[in-house]
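Novice: Structure in structure tokens, see below.
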Amino acid sequence: LMASLAPIRLSNRIYALYVNMQRFDVMYNTMSKMEKLGLYDSWLTKKGVGGAKSFGQLINWASGRGSLPNWLSGKGAVIMNQFFYSPRFVMSRIEYPVKSMQTIFSKSTPAPVRQEAIRQLVSIVGIGTAILALVEESGVGHVELDPRSTDFGKIRAGNTRIDFWGGFQQFARFFTQLATAERKNTETGKITEADREDLIIRFGRSKEAPAPALLHDLIKGETYIGEEFEASKEFIGEQAYNRLTPLFIQDVIDAIRIEGW
């Protein structure tokens, strides 16, 4: 068993190393620019929350490492990971837009950090919107603009959907559906009423870790999207494959099924 888990652990370490290098590179390059502009010393010695610390927080939120309560640090975070799918990443998708706006309008935040927060937000929204507009105008794919639809902000080409918003799209759609109590069918385009309590429960279930989610579906008798959970060997096997097989392996298999070898 340990030998079979080795490739998964190796993949996990490579991913963690890449993200940590990315965070360090962004921090290093920005601080180098500040040094050239003569702002390095004043940035680090800023009263209150230091410039380096506040900028480090901004990088963490943007790159998917959100904050957890102190009582969940250490072993608490490890245990939480067994029940929820990447809780730090989920928190970062909420924290980043909220904290970025606070950073931009906070007088105590050093100017270089505010400028970087503005640059990031403009880049994410501007570039993303431009890509979607080009795809829609070129006819290469279709873009859903209604935030009540699960396809909101995604590029749809045939049976393929491309979502490059890094997890922010899910929250935009969820909060819109929650506010309007409506959802849009992705196939028919029909608008239907949605129960807010059901929306919250389904969204929460979608954030469960694979193993607890599978057990929850077995007890509930249906998946979090409302699909009936059959007691057949074939259906349970399919669900186990979808929930417990590493995503990169599923992607390879799906590609071979669709495109061939």
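Please note that chains go A, B, ... in the order of the structure tokens, that every chain numbers its residues from 1, and that ligands are numbered from 1 in the order shown.
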Taking the backbone alone, and naming residues the way the document does, which bits of region 98-155 of chain A are helix (DSSP H, G or I) by DSSP, as a PyMOL selection string?

Specialist: chain A and resi 98-105+111-138

Novice: Show which residues sit within 9 Å of region 150-164 of chain A, as a PyMOL selection string. Count only C-alpha atoms, and ignore same-chain residues fewer than 4 positions away.

Specialist: chain A and resi 128-129+132+135-136+140-146+169-170+172-174+183-186

Novice: Grab the residues selected above and save them as a short mmCIF file (atom, residue, chain, number, x, y, z; two decimals), in the first residue's frame with C-alpha atoms.

Specialist:
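Saved to selection-v7.cif:
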```
data_model
loop_
_atom_site.label_atom_id
_atom_site.label_comp_id
_atom_site.auth_asym_id
_atom_site.auth_seq_id
_atom_site.Cartn_x
_atom_site.Cartn_y
_atom_site.Cartn_z
CA GLY A 128 -10.17 36.91 -18.18
CA THR A 129 -12.95 39.05 -19.65
CA LEU A 132 -14.02 35.19 -22.95
CA VAL A 135 -13.73 33.20 -27.75
CA GLU A 136 -17.38 34.24 -28.07
CA VAL A 140 -14.56 28.84 -31.25
CA GLY A 141 -16.75 28.29 -28.21
CA HIS A 142 -19.71 29.65 -26.28
CA VAL A 143 -19.50 31.69 -23.08
CA GLU A 144 -22.30 31.71 -20.50
CA LEU A 145 -22.82 35.19 -19.01
CA ASP A 146 -25.65 34.41 -16.59
CA GLN A 169 -16.35 31.26 -10.43
CA GLN A 170 -17.96 28.78 -8.03
CA ALA A 172 -19.72 34.03 -7.78
CA ARG A 173 -22.35 31.58 -9.02
CA PHE A 174 -23.23 30.35 -5.52
CA ARG A 183 -30.75 28.74 -11.08
CA LYS A 184 -30.37 28.33 -14.83
CA ASN A 185 -30.43 24.93 -16.53
CA THR A 186 -27.25 24.51 -18.56
#
```

Novice: Pick out each residue of region 47-256 of chain A that DSSP on the backbone tags as strand (DSSP E); I need them as a list in words.

Specialist: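 Written out, the strand (DSSP E) residues of region 47-256 of chain A are His142, Val143, Ile155, Arg156, Ala157, Thr160, Arg161, Ile162, Glu182, Arg183, Lys184, Ile191, Thr192 and Glu193 of chain A.
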
Novice: Using only C-alpha atoms, can you tell me which of A:Ser100, A:Thr176, A:Ala130, A:Ile8 comes closest to Ile118 (chain A)?

Specialist: A:Ser100

Novice: Determine the nearest neighbour of Ile253 (chain A) from the options A:Tyr241, A:Lys36, A:Gly139, A:Leu214, counting only C-alpha atoms.

Specialist: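 Closest to Ile253 (chain A), using only C-alpha atoms: A:Tyr241.
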
Novice: What lies within 7 Å of region 242-244 of chain A using only C-alpha atoms, ignoring chain neighbours under 2 positions off, as a PyMOL selection string?

Specialist: chain A and resi 210-211+238-240+246

Novice: Restricting the calculation to only C-alpha atoms: of A:Lys53, A:Arg88, A:Arg196, A:Lys207, which residue gets closest to Tyr224 (chain A)?

Specialist: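 Among A:Lys53, A:Arg88, A:Arg196, A:Lys207, it is A:Lys207 that comes nearest to Tyr224 (chain A).
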
Novice: Which of these residues is nearest to Pro212 (chain A), using only C-alpha atoms: A:Leu58, A:Met80, A:Ala52, A:Met31?

Specialist: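 The closest residue to Pro212 (chain A) is A:Met80.
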
Novice: Skip Asn60 (chain A) itself and residues of its chain fewer than 2 positions away, then list as a ChimeraX atom specification all residues within 12 Å of it, counting only C-alpha atoms.

Specialist: /A:19-20,22-24,26-27,53-58,62-67,88-89,91-93,95-96,99-100

Novice: For the selection you just gave me, I'd like the residues written to a file as an mmCIF file, in the first residue's frame, keeping N, CA, C and O atoms.

Specialist:
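Below is the file that was written, out36.cif:
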```
data_model
loop_
_atom_site.group_PDB
_atom_site.id
_atom_site.type_symbol
_atom_site.label_atom_id
_atom_site.label_comp_id
_atom_site.auth_asym_id
_atom_site.auth_seq_id
_atom_site.Cartn_x
_atom_site.Cartn_y
_atom_site.Cartn_z
ATOM 1 N N VAL A 19 4.413 25.653 -6.151
ATOM 2 C CA VAL A 19 3.644 26.797 -5.643
ATOM 3 C C VAL A 19 4.491 27.639 -4.702
ATOM 4 O O VAL A 19 4.445 28.876 -4.725
ATOM 5 N N ASN A 20 5.295 26.977 -3.848
ATOM 6 C CA ASN A 20 6.161 27.722 -2.936
ATOM 7 C C ASN A 20 7.212 28.527 -3.707
ATOM 8 O O ASN A 20 7.519 29.672 -3.354
ATOM 9 N N GLN A 22 6.822 29.665 -6.735
ATOM 10 C CA GLN A 22 6.091 30.749 -7.379
ATOM 11 C C GLN A 22 5.869 31.900 -6.402
ATOM 12 O O GLN A 22 6.066 33.079 -6.744
ATOM 13 N N ARG A 23 5.473 31.583 -5.172
ATOM 14 C CA ARG A 23 5.261 32.618 -4.158
ATOM 15 C C ARG A 23 6.564 33.363 -3.868
ATOM 16 O O ARG A 23 6.582 34.588 -3.765
ATOM 17 N N PHE A 24 7.651 32.614 -3.723
ATOM 18 C CA PHE A 24 8.934 33.243 -3.430
ATOM 19 C C PHE A 24 9.386 34.148 -4.569
ATOM 20 O O PHE A 24 9.876 35.259 -4.343
ATOM 21 N N VAL A 26 7.572 35.734 -6.839
ATOM 22 C CA VAL A 26 6.773 36.967 -6.883
ATOM 23 C C VAL A 26 7.263 37.943 -5.814
ATOM 24 O O VAL A 26 7.442 39.136 -6.062
ATOM 25 N N MET A 27 7.493 37.426 -4.608
ATOM 26 C CA MET A 27 7.958 38.260 -3.496
ATOM 27 C C MET A 27 9.339 38.849 -3.806
ATOM 28 O O MET A 27 9.570 40.059 -3.659
ATOM 29 N N LYS A 53 5.256 41.692 5.258
ATOM 30 C CA LYS A 53 4.262 40.764 5.792
ATOM 31 C C LYS A 53 2.923 40.912 5.078
ATOM 32 O O LYS A 53 2.296 39.918 4.695
ATOM 33 N N SER A 54 2.476 42.147 4.876
ATOM 34 C CA SER A 54 1.189 42.379 4.218
ATOM 35 C C SER A 54 1.228 41.919 2.764
ATOM 36 O O SER A 54 0.244 41.385 2.242
ATOM 37 N N PHE A 55 2.376 42.102 2.112
ATOM 38 C CA PHE A 55 2.486 41.643 0.736
ATOM 39 C C PHE A 55 2.536 40.119 0.672
ATOM 40 O O PHE A 55 1.987 39.502 -0.235
ATOM 41 N N GLY A 56 3.201 39.513 1.678
ATOM 42 C CA GLY A 56 3.225 38.048 1.751
ATOM 43 C C GLY A 56 1.828 37.468 1.905
ATOM 44 O O GLY A 56 1.494 36.453 1.303
ATOM 45 N N GLN A 57 0.994 38.136 2.706
ATOM 46 C CA GLN A 57 -0.393 37.692 2.871
ATOM 47 C C GLN A 57 -1.150 37.784 1.555
ATOM 48 O O GLN A 57 -1.923 36.894 1.199
ATOM 49 N N LEU A 58 -0.926 38.877 0.823
ATOM 50 C CA LEU A 58 -1.589 39.055 -0.470
ATOM 51 C C LEU A 58 -1.203 37.945 -1.444
ATOM 52 O O LEU A 58 -2.051 37.406 -2.167
ATOM 53 N N ALA A 62 -3.791 35.094 -3.072
ATOM 54 C CA ALA A 62 -3.898 34.978 -4.532
ATOM 55 C C ALA A 62 -3.529 33.580 -5.018
ATOM 56 O O ALA A 62 -4.100 33.082 -5.989
ATOM 57 N N SER A 63 -2.570 32.943 -4.341
ATOM 58 C CA SER A 63 -2.081 31.637 -4.799
ATOM 59 C C SER A 63 -2.782 30.458 -4.146
ATOM 60 O O SER A 63 -2.360 29.313 -4.307
ATOM 61 N N GLY A 64 -3.859 30.727 -3.390
ATOM 62 C CA GLY A 64 -4.673 29.628 -2.876
ATOM 63 C C GLY A 64 -4.343 29.164 -1.477
ATOM 64 O O GLY A 64 -4.768 28.084 -1.075
ATOM 65 N N ARG A 65 -3.599 29.943 -0.729
ATOM 66 C CA ARG A 65 -3.315 29.564 0.662
ATOM 67 C C ARG A 65 -3.990 30.562 1.594
ATOM 68 O O ARG A 65 -3.446 31.609 1.926
ATOM 69 N N GLY A 66 -5.211 30.212 1.991
ATOM 70 C CA GLY A 66 -5.984 31.084 2.851
ATOM 71 C C GLY A 66 -5.645 30.906 4.312
ATOM 72 O O GLY A 66 -4.841 30.056 4.694
ATOM 73 N N SER A 67 -6.268 31.713 5.154
ATOM 74 C CA SER A 67 -6.021 31.679 6.596
ATOM 75 C C SER A 67 -7.057 30.795 7.279
ATOM 76 O O SER A 67 -8.229 30.799 6.901
ATOM 77 N N ARG A 88 -7.871 25.400 3.063
ATOM 78 C CA ARG A 88 -7.125 26.649 2.913
ATOM 79 C C ARG A 88 -7.411 27.292 1.550
ATOM 80 O O ARG A 88 -7.530 28.510 1.440
ATOM 81 N N PHE A 89 -7.502 26.458 0.515
ATOM 82 C CA PHE A 89 -7.793 26.984 -0.813
ATOM 83 C C PHE A 89 -9.198 27.597 -0.840
ATOM 84 O O PHE A 89 -9.400 28.672 -1.410
ATOM 85 N N MET A 91 -10.866 28.889 1.636
ATOM 86 C CA MET A 91 -10.831 30.159 2.372
ATOM 87 C C MET A 91 -10.184 31.260 1.542
ATOM 88 O O MET A 91 -10.615 32.418 1.583
ATOM 89 N N SER A 92 -9.159 30.911 0.762
ATOM 90 C CA SER A 92 -8.465 31.927 -0.033
ATOM 91 C C SER A 92 -9.355 32.518 -1.116
ATOM 92 O O SER A 92 -9.207 33.686 -1.480
ATOM 93 N N ARG A 93 -10.297 31.713 -1.644
ATOM 94 C CA ARG A 93 -11.185 32.222 -2.688
ATOM 95 C C ARG A 93 -12.162 33.262 -2.136
ATOM 96 O O ARG A 93 -12.677 34.096 -2.888
ATOM 97 N N GLU A 95 -11.261 35.063 0.859
ATOM 98 C CA GLU A 95 -10.407 36.102 1.424
ATOM 99 C C GLU A 95 -9.811 37.016 0.360
ATOM 100 O O GLU A 95 -9.732 38.235 0.561
ATOM 101 N N TYR A 96 -9.378 36.442 -0.770
ATOM 102 C CA TYR A 96 -8.621 37.238 -1.736
ATOM 103 C C TYR A 96 -9.382 38.469 -2.235
ATOM 104 O O TYR A 96 -8.857 39.592 -2.143
ATOM 105 N N LYS A 99 -10.123 40.759 1.059
ATOM 106 C CA LYS A 99 -8.917 41.338 1.645
ATOM 107 C C LYS A 99 -8.194 42.263 0.665
ATOM 108 O O LYS A 99 -7.549 43.245 1.082
ATOM 109 N N SER A 100 -8.265 41.942 -0.625
ATOM 110 C CA SER A 100 -7.623 42.805 -1.615
ATOM 111 C C SER A 100 -8.253 44.193 -1.606
ATOM 112 O O SER A 100 -7.557 45.215 -1.679
#
```

Novice: Record the distance separating CA of Ala77 (chain A) and CA of His216 (chain A), expressed in Å with one decimal.

Specialist: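 So the two atoms, CA of Ala77 (chain A) and CA of His216 (chain A), lie 21.2 Å apart.
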